[in-house]
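Novice: Quick one: the structure is below, and I'll ask about it shortly.
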Amino acid sequence: MTHYEVLGTDRSASTAEIRRAYLELARRHHPDAVGGSDRDMQAHEDAMRAVNEAWRVLGDADRRARYDDQLAPAPPRPFQAFDDSGEDDDPREQFPDLPYRTRPAGQVARFRLGSFVPLGVAGVGLAAWLMGLALSSRGLVSAGLLALFVAAFGVAATALVALGDARRDEG
């Protein structure tokens with residue numbers, strides 16, 4: 001509830017109108033002027049506190065101006081279209097403090113080949129394992145399982161190498 005609502009005035013009310021509203025409510029709710037039960041007295045005391053606080057803020061021109069500024073809604077932000085002009089920028093220019101090193105073409109080719117070899121070994125191992133099950137050959141089943149184990153180790157090693165390279169790139 002705003003101080004204006006407590007005094008029963010609107011924001012455009014003059015200081016004199018606010019003062020009249022305050023005096024009227026002060027006479028109505030002042031604890032010494034009202035009788036009744038303890039519950040009624042407490043209600044009038046609470047109302048009187050709210051009326052006094054509203055008068056304290058609205059009766060002073062500087063405080064009222066600051067209060068009105070707080071009540072005013074924030075001005076809407078102007079519309080800003082999405083700026084995609086920097087979409088083709090080189091990331092090395094955007095973050096000059098981060099080290100960025102290029103790799104020689106041979107190293108990139110070896111890394112790519114190294115990341116596909118475990119998948120090929122896994123395919124051969126799976127085929128050997130399935131063929132060993134179909135032919136009931138313990139040797140093929142064992143060879144297939146060994147190839148799958150080696151492929152799993154290769155995939156894990158490839159991931160660790162990639163993480164190590166990424167960590168080295170960060171500095």
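Lettering and numbering for the structure tokens are positional, with chains as A, B, ... in the shown order, residues counted from 1 in each chain, and ligands counted from 1 in the shown order.
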Env of region 113-119 of chain A: 6 Å cut, atoms = only C-alpha atoms, seq-sep filter 6 positions within chain, self excluded. Answer as a PyMOL selection string.

Specialist: chain A and resi 151+154-155+158

Novice: Take the residues from that selection and write them out as a compact mmCIF listing (two decimals), in the first residue's frame, keeping all heavy atoms.

Specialist:
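Listed below is the output, selection_12.txt:
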```
# COMPACT_ATOMS: atom_id res chain seq x y z
N ALA A 151 40.01 -51.90 -28.27
CA ALA A 151 39.29 -50.75 -28.85
C ALA A 151 38.81 -49.82 -27.74
O ALA A 151 38.90 -48.59 -27.87
CB ALA A 151 38.12 -51.24 -29.69
N GLY A 154 41.67 -47.89 -26.60
CA GLY A 154 42.00 -46.88 -27.61
C GLY A 154 41.09 -45.68 -27.57
O GLY A 154 41.53 -44.53 -27.72
N VAL A 155 39.80 -45.90 -27.36
CA VAL A 155 38.85 -44.78 -27.27
C VAL A 155 39.16 -43.93 -26.04
O VAL A 155 39.18 -42.70 -26.10
CB VAL A 155 37.39 -45.30 -27.23
CG1 VAL A 155 36.43 -44.21 -26.84
CG2 VAL A 155 37.01 -45.89 -28.57
N THR A 158 42.33 -41.93 -26.71
CA THR A 158 42.06 -40.82 -27.62
C THR A 158 41.41 -39.66 -26.88
O THR A 158 41.77 -38.49 -27.09
CB THR A 158 41.16 -41.28 -28.78
OG1 THR A 158 41.78 -42.37 -29.45
CG2 THR A 158 40.89 -40.17 -29.76
```

Novice: Tell me which of A:Met48, A:Ala109, A:Ala54, A:Leu71 sits closest to His3 (chain A), counting only C-alpha atoms.

Specialist: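 Between A:Met48, A:Ala109, A:Ala54, A:Leu71, the residue approaching His3 (chain A) most closely is A:Ala54.
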
Novice: Would you mind reading off the distance between CA of Tyr67 (chain A) and CA of Ala26 (chain A), one decimal, in Å?

Specialist: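 Pair CA of Tyr67 (chain A) / CA of Ala26 (chain A) returns 21.5 Å.
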
Novice: With a distance cut-off of 12 Å and only C-alpha atoms, select the neighbouring residues of Ala13 (chain A), excluding the residue or stretch itself and same-chain residues fewer than 6 positions from it, and output the selection as a PyMOL selection string.

Specialist: chain A and resi 4-5+7+19-21+58-59+64

Novice: Mind checking which residues fall within 12 Å of Leu148 (chain A), counting only C-alpha atoms, ignoring those fewer than 5 positions away in the same chain, and posting them as an MDAnalysis selection string?

Specialist: chainID A and resid 118:130 141:143 153:155

Novice: Could the residues in this selection be saved with C-alpha atoms as a PDB file, in the first residue's frame?

Specialist:
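Heads up, here's the output in again-v3.pdb:
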```pdb
ATOM      1  CA  PRO A 118      39.736 -47.696 -32.234  1.00  0.00           C
ATOM      2  CA  LEU A 119      36.334 -47.659 -33.909  1.00  0.00           C
ATOM      3  CA  GLY A 120      37.628 -49.912 -36.703  1.00  0.00           C
ATOM      4  CA  VAL A 121      39.199 -52.278 -34.184  1.00  0.00           C
ATOM      5  CA  ALA A 122      35.885 -52.360 -32.295  1.00  0.00           C
ATOM      6  CA  GLY A 123      34.041 -53.261 -35.512  1.00  0.00           C
ATOM      7  CA  VAL A 124      36.477 -56.094 -36.294  1.00  0.00           C
ATOM      8  CA  GLY A 125      36.307 -57.326 -32.694  1.00  0.00           C
ATOM      9  CA  LEU A 126      32.517 -57.319 -32.693  1.00  0.00           C
ATOM     10  CA  ALA A 127      32.433 -59.205 -35.992  1.00  0.00           C
ATOM     11  CA  ALA A 128      34.936 -61.781 -34.714  1.00  0.00           C
ATOM     12  CA  TRP A 129      33.018 -62.217 -31.460  1.00  0.00           C
ATOM     13  CA  LEU A 130      29.684 -62.718 -33.265  1.00  0.00           C
ATOM     14  CA  VAL A 141      35.185 -65.406 -29.312  1.00  0.00           C
ATOM     15  CA  SER A 142      38.385 -64.766 -27.326  1.00  0.00           C
ATOM     16  CA  ALA A 143      39.979 -62.829 -30.185  1.00  0.00           C
ATOM     17  CA  PHE A 153      41.358 -48.735 -24.339  1.00  0.00           C
ATOM     18  CA  GLY A 154      42.005 -46.881 -27.607  1.00  0.00           C
ATOM     19  CA  VAL A 155      38.851 -44.781 -27.266  1.00  0.00           C
TER      20      VAL A 155
END
```

Novice: Env of Pro31 (chain A): 12 Å cut, atoms = only C-alpha atoms, seq-sep filter 5 positions within chain, self excluded. Answer as a VMD selection string.

Specialist: chain A and resid 25 to 26 36 to 49

Novice: Go ahead and save the residues from that selection, with C-alpha atoms, as a JSON list (two decimals), in the first residue's frame.

Specialist:
```json
[["chain", "number", "residue", "atom", "x", "y", "z"],
["A", 25, "LEU", "CA", -6.89, 10.70, 9.73],
["A", 26, "ALA", "CA", -4.81, 11.72, 12.75],
["A", 36, "GLY", "CA", -12.60, 0.79, 23.07],
["A", 37, "SER", "CA", -11.08, -2.58, 23.69],
["A", 38, "ASP", "CA", -7.38, -3.34, 23.57],
["A", 39, "ARG", "CA", -7.86, -4.85, 20.13],
["A", 40, "ASP", "CA", -9.45, -1.62, 18.84],
["A", 41, "MET", "CA", -6.71, 0.44, 20.44],
["A", 42, "GLN", "CA", -4.04, -1.67, 18.74],
["A", 43, "ALA", "CA", -5.74, -1.28, 15.36],
["A", 44, "HIS", "CA", -5.89, 2.50, 15.79],
["A", 45, "GLU", "CA", -2.23, 2.61, 16.88],
["A", 46, "ASP", "CA", -1.18, 0.65, 13.79],
["A", 47, "ALA", "CA", -3.24, 2.91, 11.54],
["A", 48, "MET", "CA", -1.76, 5.99, 13.24],
["A", 49, "ARG", "CA", 1.79, 4.69, 12.64]]
```

Novice: In Å, rounded to a single decimal, give me how far CA of Thr2 (chain A) is from CA of Asn52 (chain A).

Specialist: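 Answer for the CA of Asn52 (chain A) to CA of Thr2 (chain A) separation: 13.0 Å.
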